[in-house]
Amino acid sequence: MDFSLSSDQILIRDTVRQFMETEMRPILREYEREEKFPVEQLKKLGELGCCGMLVPEEWGGAGTDTVSYALMLEEVARVDASTAVALSVTNSVVGIPIWKAGSEAQKKKYLTRLSRGEILGAFCLTEPQAGSDAAGIQARAMRDGDHYVLNGTKAWVTNGGVSGVYIVFAKTDPTAGSRGVSAFLVEPDFAGFRISRYEDKMGLKLSRSAEVSLQDCRVPVKNRLGEEGQGLRIALESLDGGRVGIAAQALGLAQGALEAAVRYAKQRKTFGKPIAEYQAIQWMLADMQMEIEAARTLTHYAAWMRDNGGGRSGPHSSRAKLYSSEMANRVAYKAVQVHGSVGYSRETDVERYYRDARVLTIYEGTSEMQRMVIARDLLRHS
């Protein structure tokens, strides 16, 4: 077993880390207060290749392996999880499905621009009454000549309102259950497409989460992604890869929280000595580091399996996402505890990490759904 990183992987990690420290960290608190979407910073990250890391170079991507992709997201989330989720969605659940299922014309029109960071992507599966039950979506797509007419509402759309292309899932055959869902590439200026509102969230304040209204939205047939009835398969395969991205995001957030806690523990003095010298603090820091290293191993192995697992990567992605997301919540909690009362202040990074961590166990598959995936795989192969 070789756990070392290649020179290319180290270069990617260090380049992204330097960018986030010099370009993002200095303005982060101001952006957080204003809930400002980091448009310029994402464009620069796109120029570094961070928007199409897994896409082949012929389509404008960086053509890296999944471990490199995970390293990139970890370094972004180490400073700001909001920016990481914008990149994760564009890479994992928009760029990859267009590359794998899209036509040549669709790749030319959307994939190259996505990969270069010229536009962001959004993934529209969740609805107000359909989250984990993806087959239960109610959005409809009716064929009308050389167009489809889409009607429905999509909820919690990351990058909503700032994306150049939306992958929208709707039922073309309501009687066919999971086999009746199709996928469509929708542009924000298509007639009938509207951002109806933005979510006022607990965390991830720099990330846009929108509700999308489709009212007789006309989408050309040439914008159907894959064949009719393949939509749910496209969605679930994309989410398998997306879970590696969320695991990496959780890992970076936890690493950032640990580093902040260590710095504070060395600086803060009580009874004449730094609190880092107290066993109670040391034990918290030790537990935090141990859990991060365990999550890193799970995440990097799941990333490696995406490239080398021969189709058996799903359960590994679920294990990485489940453990890393729950770990990040525990680590962020302890980071606030190490800071004491100041950790409850909006002037500290750990307060933001604590709020941002909470959603990690919910989106792109709740912890409960991941446990179901893991248990089914275990029982099937035991």
# chains A, B, ... in the order shown; residues from 1 in each chain; ligands from 1
call {"tool": "residues_around", "arguments": {"residues": "range 290-301 of chain A", "least_positions_apart": "4", "cutoff": "9 Å", "atoms": "only C-alpha atoms", "output": "PyMOL selection string"}}
result
chain A and resi 3+66-67+70-71+244-245+247-248+250-251+254-255+258+285-286+305-306+316-317+319-321+323-325+327-328+331
call {"tool": "write_last_selection", "arguments": {"atoms": "N, CA, C and O atoms", "output": "short mmCIF file (atom, residue, chain, number, x, y, z; two decimals), in the first residue's frame"}}
result
data_model
loop_
_atom_site.label_atom_id
_atom_site.label_comp_id
_atom_site.auth_asym_id
_atom_site.auth_seq_id
_atom_site.Cartn_x
_atom_site.Cartn_y
_atom_site.Cartn_z
N PHE A 3 0.51 5.25 0.51
CA PHE A 3 -0.36 6.35 0.92
C PHE A 3 0.22 7.71 0.56
O PHE A 3 -0.35 8.74 0.90
N THR A 66 -9.35 11.35 -9.15
CA THR A 66 -10.32 11.78 -8.14
C THR A 66 -9.65 12.15 -6.83
O THR A 66 -10.17 12.99 -6.08
N VAL A 67 -8.50 11.56 -6.52
CA VAL A 67 -7.77 11.96 -5.31
C VAL A 67 -7.35 13.42 -5.42
O VAL A 67 -7.47 14.20 -4.45
N ALA A 70 -10.31 15.54 -4.72
CA ALA A 70 -10.61 15.59 -3.29
C ALA A 70 -9.65 16.52 -2.56
O ALA A 70 -10.06 17.28 -1.67
N LEU A 71 -8.39 16.50 -2.94
CA LEU A 71 -7.41 17.39 -2.33
C LEU A 71 -7.76 18.85 -2.59
O LEU A 71 -7.63 19.71 -1.71
N VAL A 244 -18.11 11.78 -2.64
CA VAL A 244 -16.67 11.91 -2.38
C VAL A 244 -16.33 13.39 -2.20
O VAL A 244 -15.54 13.76 -1.32
N GLY A 245 -16.94 14.24 -3.01
CA GLY A 245 -16.71 15.67 -2.88
C GLY A 245 -17.19 16.23 -1.55
O GLY A 245 -16.51 17.06 -0.94
N ALA A 247 -17.47 14.49 1.23
CA ALA A 247 -16.53 13.98 2.23
C ALA A 247 -15.28 14.83 2.29
O ALA A 247 -14.77 15.16 3.38
N ALA A 248 -14.77 15.22 1.13
CA ALA A 248 -13.58 16.08 1.08
C ALA A 248 -13.87 17.46 1.65
O ALA A 248 -13.04 18.06 2.34
N ALA A 250 -16.08 18.09 3.99
CA ALA A 250 -16.14 17.90 5.43
C ALA A 250 -14.74 17.81 6.03
O ALA A 250 -14.45 18.36 7.10
N LEU A 251 -13.88 17.12 5.34
CA LEU A 251 -12.51 16.94 5.79
C LEU A 251 -11.78 18.28 5.88
O LEU A 251 -11.10 18.58 6.87
N ALA A 254 -13.15 20.39 8.80
CA ALA A 254 -12.65 19.90 10.09
C ALA A 254 -11.19 20.27 10.29
O ALA A 254 -10.77 20.65 11.39
N GLN A 255 -10.39 20.17 9.22
CA GLN A 255 -8.98 20.53 9.32
C GLN A 255 -8.82 22.02 9.67
O GLN A 255 -8.00 22.39 10.52
N LEU A 258 -9.70 22.46 13.36
CA LEU A 258 -8.62 21.97 14.22
C LEU A 258 -7.47 22.97 14.27
O LEU A 258 -6.95 23.28 15.35
N LEU A 285 -8.03 18.02 21.42
CA LEU A 285 -7.25 18.20 20.20
C LEU A 285 -6.79 16.86 19.62
O LEU A 285 -6.81 16.65 18.40
N ALA A 286 -6.40 15.94 20.50
CA ALA A 286 -5.96 14.62 20.05
C ALA A 286 -7.10 13.87 19.37
O ALA A 286 -6.91 13.24 18.31
N MET A 305 -11.04 4.56 -5.35
CA MET A 305 -11.98 3.56 -5.86
C MET A 305 -12.83 4.10 -7.01
O MET A 305 -13.26 3.35 -7.88
N ARG A 306 -13.09 5.41 -7.02
CA ARG A 306 -13.83 6.00 -8.13
C ARG A 306 -13.09 5.77 -9.45
O ARG A 306 -13.72 5.60 -10.50
N HIS A 316 -18.21 2.73 -0.96
CA HIS A 316 -17.04 3.42 -0.42
C HIS A 316 -17.31 4.92 -0.31
O HIS A 316 -16.92 5.56 0.67
N SER A 317 -17.97 5.48 -1.32
CA SER A 317 -18.33 6.89 -1.27
C SER A 317 -19.28 7.17 -0.11
O SER A 317 -19.16 8.18 0.59
N ARG A 319 -19.55 5.44 2.72
CA ARG A 319 -18.82 5.34 3.99
C ARG A 319 -18.00 6.60 4.25
O ARG A 319 -17.97 7.12 5.37
N ALA A 320 -17.34 7.10 3.20
CA ALA A 320 -16.54 8.31 3.36
C ALA A 320 -17.42 9.51 3.69
O ALA A 320 -17.10 10.31 4.58
N LYS A 321 -18.54 9.64 2.98
CA LYS A 321 -19.43 10.77 3.20
C LYS A 321 -20.05 10.71 4.59
O LYS A 321 -20.12 11.72 5.31
N TYR A 323 -19.01 9.08 7.42
CA TYR A 323 -18.07 9.29 8.54
C TYR A 323 -17.52 10.71 8.54
O TYR A 323 -17.47 11.37 9.59
N SER A 324 -17.13 11.21 7.38
CA SER A 324 -16.51 12.53 7.32
C SER A 324 -17.49 13.63 7.73
O SER A 324 -17.12 14.58 8.44
N SER A 325 -18.74 13.53 7.29
CA SER A 325 -19.71 14.57 7.61
C SER A 325 -20.04 14.58 9.10
O SER A 325 -20.14 15.66 9.72
N MET A 327 -18.06 13.35 11.45
CA MET A 327 -16.81 13.74 12.09
C MET A 327 -16.65 15.25 12.11
O MET A 327 -16.25 15.85 13.12
N ALA A 328 -16.95 15.91 10.99
CA ALA A 328 -16.79 17.36 10.91
C ALA A 328 -17.66 18.08 11.93
O ALA A 328 -17.25 19.09 12.51
N VAL A 331 -15.89 17.62 15.32
CA VAL A 331 -14.67 18.43 15.40
C VAL A 331 -15.02 19.91 15.55
O VAL A 331 -14.40 20.63 16.36
#
call {"tool": "select_by_dssp", "arguments": {"residues": "range 61-184 of chain A", "states": "strand (DSSP E)", "output": "JSON, numbers by chain"}}
result
{"A": [121, 122, 123, 124, 140, 141, 142, 143, 144, 147, 148, 149, 150, 151, 152, 153, 154, 155, 156, 157, 158, 165, 166, 167, 168, 169, 170, 171, 181, 182, 183, 184]}
call {"tool": "residues_around", "arguments": {"residues": "range 347-360 of chain A", "least_positions_apart": "5", "cutoff": "6 Å", "atoms": "only C-alpha atoms", "output": "PyMOL selection string"}}
result
chain A and resi 203-204+257+325+329+332+336
call {"tool": "write_last_selection", "arguments": {"atoms": "all heavy atoms", "output": "PDB file, in the first residue's frame"}}
result
ATOM      1  N   GLY A 203     -26.072  28.226   7.682  1.00  0.00           N
ATOM      2  CA  GLY A 203     -24.664  28.321   7.330  1.00  0.00           C
ATOM      3  C   GLY A 203     -24.467  28.414   5.834  1.00  0.00           C
ATOM      4  O   GLY A 203     -25.414  28.630   5.074  1.00  0.00           O
ATOM      5  N   LEU A 204     -23.213  28.215   5.397  1.00  0.00           N
ATOM      6  CA  LEU A 204     -22.850  28.330   3.976  1.00  0.00           C
ATOM      7  C   LEU A 204     -23.399  29.625   3.384  1.00  0.00           C
ATOM      8  O   LEU A 204     -24.055  29.627   2.335  1.00  0.00           O
ATOM      9  CB  LEU A 204     -23.352  27.114   3.194  1.00  0.00           C
ATOM     10  CG  LEU A 204     -22.786  25.744   3.589  1.00  0.00           C
ATOM     11  CD1 LEU A 204     -23.327  24.658   2.661  1.00  0.00           C
ATOM     12  CD2 LEU A 204     -21.265  25.729   3.596  1.00  0.00           C
ATOM     13  N   ALA A 257     -10.983  23.843  11.287  1.00  0.00           N
ATOM     14  CA  ALA A 257     -11.418  24.028  12.670  1.00  0.00           C
ATOM     15  C   ALA A 257     -10.345  23.576  13.652  1.00  0.00           C
ATOM     16  O   ALA A 257     -10.105  24.231  14.678  1.00  0.00           O
ATOM     17  CB  ALA A 257     -12.714  23.255  12.905  1.00  0.00           C
ATOM     18  N   SER A 325     -18.739  13.529   7.292  1.00  0.00           N
ATOM     19  CA  SER A 325     -19.713  14.573   7.614  1.00  0.00           C
ATOM     20  C   SER A 325     -20.044  14.578   9.102  1.00  0.00           C
ATOM     21  O   SER A 325     -20.143  15.658   9.720  1.00  0.00           O
ATOM     22  CB  SER A 325     -20.984  14.399   6.783  1.00  0.00           C
ATOM     23  OG  SER A 325     -21.617  13.155   7.054  1.00  0.00           O
ATOM     24  N   ASN A 329     -18.854  17.565  12.173  1.00  0.00           N
ATOM     25  CA  ASN A 329     -19.722  18.156  13.191  1.00  0.00           C
ATOM     26  C   ASN A 329     -19.123  18.000  14.583  1.00  0.00           C
ATOM     27  O   ASN A 329     -19.175  18.920  15.404  1.00  0.00           O
ATOM     28  CB  ASN A 329     -21.116  17.533  13.122  1.00  0.00           C
ATOM     29  CG  ASN A 329     -21.995  18.171  12.072  1.00  0.00           C
ATOM     30  OD1 ASN A 329     -22.663  19.160  12.333  1.00  0.00           O
ATOM     31  ND2 ASN A 329     -21.975  17.618  10.862  1.00  0.00           N
ATOM     32  N   ALA A 332     -15.983  20.394  14.783  1.00  0.00           N
ATOM     33  CA  ALA A 332     -16.373  21.799  14.880  1.00  0.00           C
ATOM     34  C   ALA A 332     -16.922  22.110  16.275  1.00  0.00           C
ATOM     35  O   ALA A 332     -16.645  23.184  16.839  1.00  0.00           O
ATOM     36  CB  ALA A 332     -17.410  22.135  13.812  1.00  0.00           C
ATOM     37  N   VAL A 336     -15.187  24.899  18.929  1.00  0.00           N
ATOM     38  CA  VAL A 336     -15.892  25.964  19.646  1.00  0.00           C
ATOM     39  C   VAL A 336     -15.646  25.826  21.147  1.00  0.00           C
ATOM     40  O   VAL A 336     -15.402  26.812  21.851  1.00  0.00           O
ATOM     41  CB  VAL A 336     -17.404  25.926  19.327  1.00  0.00           C
ATOM     42  CG1 VAL A 336     -18.168  26.892  20.232  1.00  0.00           C
ATOM     43  CG2 VAL A 336     -17.650  26.279  17.868  1.00  0.00           C
TER      44      VAL A 336
END
call {"tool": "atom_distance", "arguments": {"atom1": "CA of Gly160 in chain A", "atom2": "CA of Gly95 in chain A"}}
result
15.7 Å
call {"tool": "closest_residue", "arguments": {"among": "A:Val93, A:Val85, A:Val212, A:Val338", "to": "Ile246 in chain A", "atoms": "only C-alpha atoms"}}
result
A:Val85
call {"tool": "residues_around", "arguments": {"residues": "Arg263 in chain A", "least_positions_apart": "2", "cutoff": "12 Å", "atoms": "only C-alpha atoms", "output": "mmCIF file with C-alpha atoms, in the first residue's frame"}}
result
data_model
loop_
_atom_site.group_PDB
_atom_site.id
_atom_site.type_symbol
_atom_site.label_atom_id
_atom_site.label_comp_id
_atom_site.auth_asym_id
_atom_site.auth_seq_id
_atom_site.Cartn_x
_atom_site.Cartn_y
_atom_site.Cartn_z
ATOM 1 C CA GLY A 256 -9.579 24.280 9.358
ATOM 2 C CA ALA A 257 -11.418 24.028 12.670
ATOM 3 C CA LEU A 258 -8.625 21.970 14.219
ATOM 4 C CA GLU A 259 -5.945 24.414 13.090
ATOM 5 C CA ALA A 260 -7.929 27.332 14.533
ATOM 6 C CA ALA A 261 -8.359 25.471 17.844
ATOM 7 C CA ALA A 265 -5.040 26.935 22.612
ATOM 8 C CA LYS A 266 -1.414 28.053 22.305
ATOM 9 C CA GLN A 267 -2.293 31.739 22.629
ATOM 10 C CA ARG A 268 -4.991 31.729 25.305
ATOM 11 C CA LYS A 269 -3.654 31.746 28.856
ATOM 12 C CA PRO A 274 -1.516 28.451 27.780
ATOM 13 C CA ILE A 275 -4.619 26.295 27.853
ATOM 14 C CA ALA A 276 -2.805 23.945 25.430
ATOM 15 C CA LEU A 285 -7.249 18.200 20.197
ATOM 16 C CA ALA A 335 -13.221 23.632 18.250
ATOM 17 C CA VAL A 338 -11.727 24.958 23.033
ATOM 18 C CA HIS A 339 -12.380 28.631 22.293
ATOM 19 C CA ASP A 349 -13.741 31.236 12.271
ATOM 20 C CA VAL A 350 -14.870 28.330 14.444
#
call {"tool": "closest_residue", "arguments": {"among": "A:Val55, A:Ala235, A:Ala139, A:Ala84", "to": "Thr112 in chain A", "atoms": "only C-alpha atoms"}}
result
A:Val55
call {"tool": "select_by_dssp", "arguments": {"residues": "range 141-216 of chain A", "states": "helix (DSSP H, G or I)", "output": "PyMOL selection string"}}
result
chain A and resi 174-180
call {"tool": "atom_distance", "arguments": {"atom1": "CA of Gly252 in chain A", "atom2": "CA of Arg17 in chain A"}}
result
10.8 Å
call {"tool": "residues_around", "arguments": {"residues": "Tyr69 in chain A", "least_positions_apart": "2", "cutoff": "10 Å", "atoms": "only C-alpha atoms", "output": "ChimeraX atom specification"}}
result
/A:9,12-13,50-54,62-67,71-74,88,91-92,244-245,248,300,303
call {"tool": "write_last_selection", "arguments": {"atoms": "N, CA and C atoms", "output": "mmCIF file, in the first residue's frame"}}
result
data_model
loop_
_atom_site.group_PDB
_atom_site.id
_atom_site.type_symbol
_atom_site.label_atom_id
_atom_site.label_comp_id
_atom_site.auth_asym_id
_atom_site.auth_seq_id
_atom_site.Cartn_x
_atom_site.Cartn_y
_atom_site.Cartn_z
ATOM 1 N N GLN A 9 -0.138 15.779 -7.421
ATOM 2 C CA GLN A 9 -1.153 15.966 -6.385
ATOM 3 C C GLN A 9 -0.701 16.988 -5.346
ATOM 4 N N ILE A 12 -1.056 20.476 -6.847
ATOM 5 C CA ILE A 12 -2.461 20.924 -6.826
ATOM 6 C C ILE A 12 -2.852 21.372 -5.427
ATOM 7 N N ARG A 13 -2.550 20.546 -4.435
ATOM 8 C CA ARG A 13 -2.887 20.881 -3.047
ATOM 9 C C ARG A 13 -2.270 22.208 -2.626
ATOM 10 N N CYS A 50 -9.975 24.325 -11.341
ATOM 11 C CA CYS A 50 -10.748 23.707 -10.259
ATOM 12 C C CYS A 50 -12.208 23.437 -10.608
ATOM 13 N N CYS A 51 -12.692 23.912 -11.749
ATOM 14 C CA CYS A 51 -14.098 23.704 -12.105
ATOM 15 C C CYS A 51 -14.322 22.478 -12.991
ATOM 16 N N GLY A 52 -13.248 21.933 -13.536
ATOM 17 C CA GLY A 52 -13.398 20.758 -14.401
ATOM 18 C C GLY A 52 -12.281 19.768 -14.177
ATOM 19 N N MET A 53 -12.008 19.474 -12.928
ATOM 20 C CA MET A 53 -10.823 18.680 -12.610
ATOM 21 C C MET A 53 -10.888 17.261 -13.163
ATOM 22 N N LEU A 54 -12.091 16.684 -13.222
ATOM 23 C CA LEU A 54 -12.233 15.295 -13.641
ATOM 24 C C LEU A 54 -12.569 15.162 -15.123
ATOM 25 N N ALA A 62 -9.126 19.564 -16.487
ATOM 26 C CA ALA A 62 -7.756 19.313 -16.049
ATOM 27 C C ALA A 62 -7.368 17.848 -16.202
ATOM 28 N N GLY A 63 -8.376 16.965 -16.312
ATOM 29 C CA GLY A 63 -8.107 15.541 -16.527
ATOM 30 C C GLY A 63 -7.352 14.878 -15.380
ATOM 31 N N THR A 64 -7.612 15.324 -14.140
ATOM 32 C CA THR A 64 -6.906 14.739 -13.005
ATOM 33 C C THR A 64 -7.620 13.494 -12.496
ATOM 34 N N ASP A 65 -7.001 12.823 -11.529
ATOM 35 C CA ASP A 65 -7.664 11.706 -10.865
ATOM 36 C C ASP A 65 -8.541 12.246 -9.736
ATOM 37 N N THR A 66 -9.351 11.346 -9.149
ATOM 38 C CA THR A 66 -10.319 11.776 -8.138
ATOM 39 C C THR A 66 -9.646 12.153 -6.826
ATOM 40 N N VAL A 67 -8.500 11.559 -6.518
ATOM 41 C CA VAL A 67 -7.774 11.959 -5.309
ATOM 42 C C VAL A 67 -7.348 13.422 -5.417
ATOM 43 N N LEU A 71 -8.393 16.504 -2.945
ATOM 44 C CA LEU A 71 -7.410 17.393 -2.330
ATOM 45 C C LEU A 71 -7.755 18.849 -2.592
ATOM 46 N N MET A 72 -8.193 19.150 -3.812
ATOM 47 C CA MET A 72 -8.578 20.519 -4.143
ATOM 48 C C MET A 72 -9.731 20.977 -3.264
ATOM 49 N N LEU A 73 -10.784 20.157 -3.155
ATOM 50 C CA LEU A 73 -11.947 20.542 -2.359
ATOM 51 C C LEU A 73 -11.597 20.668 -0.881
ATOM 52 N N GLU A 74 -10.733 19.800 -0.395
ATOM 53 C CA GLU A 74 -10.321 19.886 1.005
ATOM 54 C C GLU A 74 -9.643 21.218 1.288
ATOM 55 N N SER A 88 -17.906 21.797 -5.901
ATOM 56 C CA SER A 88 -18.284 20.384 -5.871
ATOM 57 C C SER A 88 -19.461 20.105 -6.800
ATOM 58 N N ASN A 91 -18.400 20.465 -10.530
ATOM 59 C CA ASN A 91 -17.560 19.342 -10.952
ATOM 60 C C ASN A 91 -18.321 18.021 -10.989
ATOM 61 N N SER A 92 -18.875 17.636 -9.835
ATOM 62 C CA SER A 92 -19.344 16.261 -9.636
ATOM 63 C C SER A 92 -20.698 15.959 -10.255
ATOM 64 N N VAL A 244 -18.107 11.782 -2.638
ATOM 65 C CA VAL A 244 -16.670 11.914 -2.384
ATOM 66 C C VAL A 244 -16.329 13.393 -2.197
ATOM 67 N N GLY A 245 -16.943 14.239 -3.006
ATOM 68 C CA GLY A 245 -16.712 15.671 -2.882
ATOM 69 C C GLY A 245 -17.188 16.226 -1.551
ATOM 70 N N ALA A 248 -14.766 15.223 1.126
ATOM 71 C CA ALA A 248 -13.577 16.076 1.083
ATOM 72 C C ALA A 248 -13.873 17.455 1.651
ATOM 73 N N HIS A 300 -9.838 9.431 0.819
ATOM 74 C CA HIS A 300 -8.873 9.201 -0.255
ATOM 75 C C HIS A 300 -9.036 7.809 -0.860
ATOM 76 N N ALA A 303 -12.018 7.999 -3.087
ATOM 77 C CA ALA A 303 -11.628 8.707 -4.313
ATOM 78 C C ALA A 303 -10.841 7.785 -5.237
#
call {"tool": "residues_around", "arguments": {"residues": "Ala135 in chain A", "least_positions_apart": "5", "cutoff": "9 Å", "atoms": "only C-alpha atoms", "output": "list in words"}}
result
Ala130, Gly177, Ser178, Arg179, Gly180, Val181 and Leu232 of chain A
call {"tool": "atom_distance", "arguments": {"atom1": "CA of Ser7 in chain A", "atom2": "CA of Glu75 in chain A"}}
result
16.4 Å
call {"tool": "residues_around", "arguments": {"residues": "Glu118 in chain A", "least_positions_apart": "6", "cutoff": "9 Å", "atoms": "only C-alpha atoms", "output": "ChimeraX atom specification"}}
result
/A:43,46-47,112,164
call {"tool": "write_last_selection", "arguments": {"atoms": "N, CA, C and O atoms", "output": "mmCIF file, in the first residue's frame"}}
result
data_model
loop_
_atom_site.group_PDB
_atom_site.id
_atom_site.type_symbol
_atom_site.label_atom_id
_atom_site.label_comp_id
_atom_site.auth_asym_id
_atom_site.auth_seq_id
_atom_site.Cartn_x
_atom_site.Cartn_y
_atom_site.Cartn_z
ATOM 1 N N LYS A 43 -14.101 32.485 -10.408
ATOM 2 C CA LYS A 43 -13.540 32.606 -11.756
ATOM 3 C C LYS A 43 -12.046 32.311 -11.741
ATOM 4 O O LYS A 43 -11.521 31.611 -12.620
ATOM 5 N N GLY A 46 -11.516 28.740 -11.318
ATOM 6 C CA GLY A 46 -11.762 28.097 -12.608
ATOM 7 C C GLY A 46 -10.554 28.200 -13.518
ATOM 8 O O GLY A 46 -10.211 27.250 -14.234
ATOM 9 N N GLU A 47 -9.875 29.333 -13.485
ATOM 10 C CA GLU A 47 -8.664 29.506 -14.290
ATOM 11 C C GLU A 47 -7.545 28.581 -13.828
ATOM 12 O O GLU A 47 -6.678 28.188 -14.619
ATOM 13 N N THR A 112 -17.206 22.613 -22.020
ATOM 14 C CA THR A 112 -15.954 23.378 -22.094
ATOM 15 C C THR A 112 -16.035 24.636 -21.247
ATOM 16 O O THR A 112 -15.094 24.978 -20.513
ATOM 17 N N GLY A 164 -24.926 28.975 -15.257
ATOM 18 C CA GLY A 164 -25.188 29.119 -16.687
ATOM 19 C C GLY A 164 -25.953 27.943 -17.261
ATOM 20 O O GLY A 164 -26.514 28.038 -18.356
#
call {"tool": "closest_residue", "arguments": {"among": "A:Arg29, A:Pro315, A:Thr83, A:Gly60", "to": "Lys108 in chain A", "atoms": "only C-alpha atoms"}}
result
A:Gly60
call {"tool": "closest_residue", "arguments": {"among": "A:Arg233, A:Lys273, A:His147, A:Lys154", "to": "Val221 in chain A", "atoms": "only C-alpha atoms"}}
result
A:His147
call {"tool": "closest_residue", "arguments": {"among": "A:Lys100, A:Arg197, A:Arg140, A:Lys107", "to": "Lys222 in chain A", "atoms": "only C-alpha atoms"}}
result
A:Lys107
call {"tool": "closest_residue", "arguments": {"among": "A:Phe190, A:Tyr110, A:Phe271, A:Trp99", "to": "Gly226 in chain A", "atoms": "only C-alpha atoms"}}
result
A:Trp99
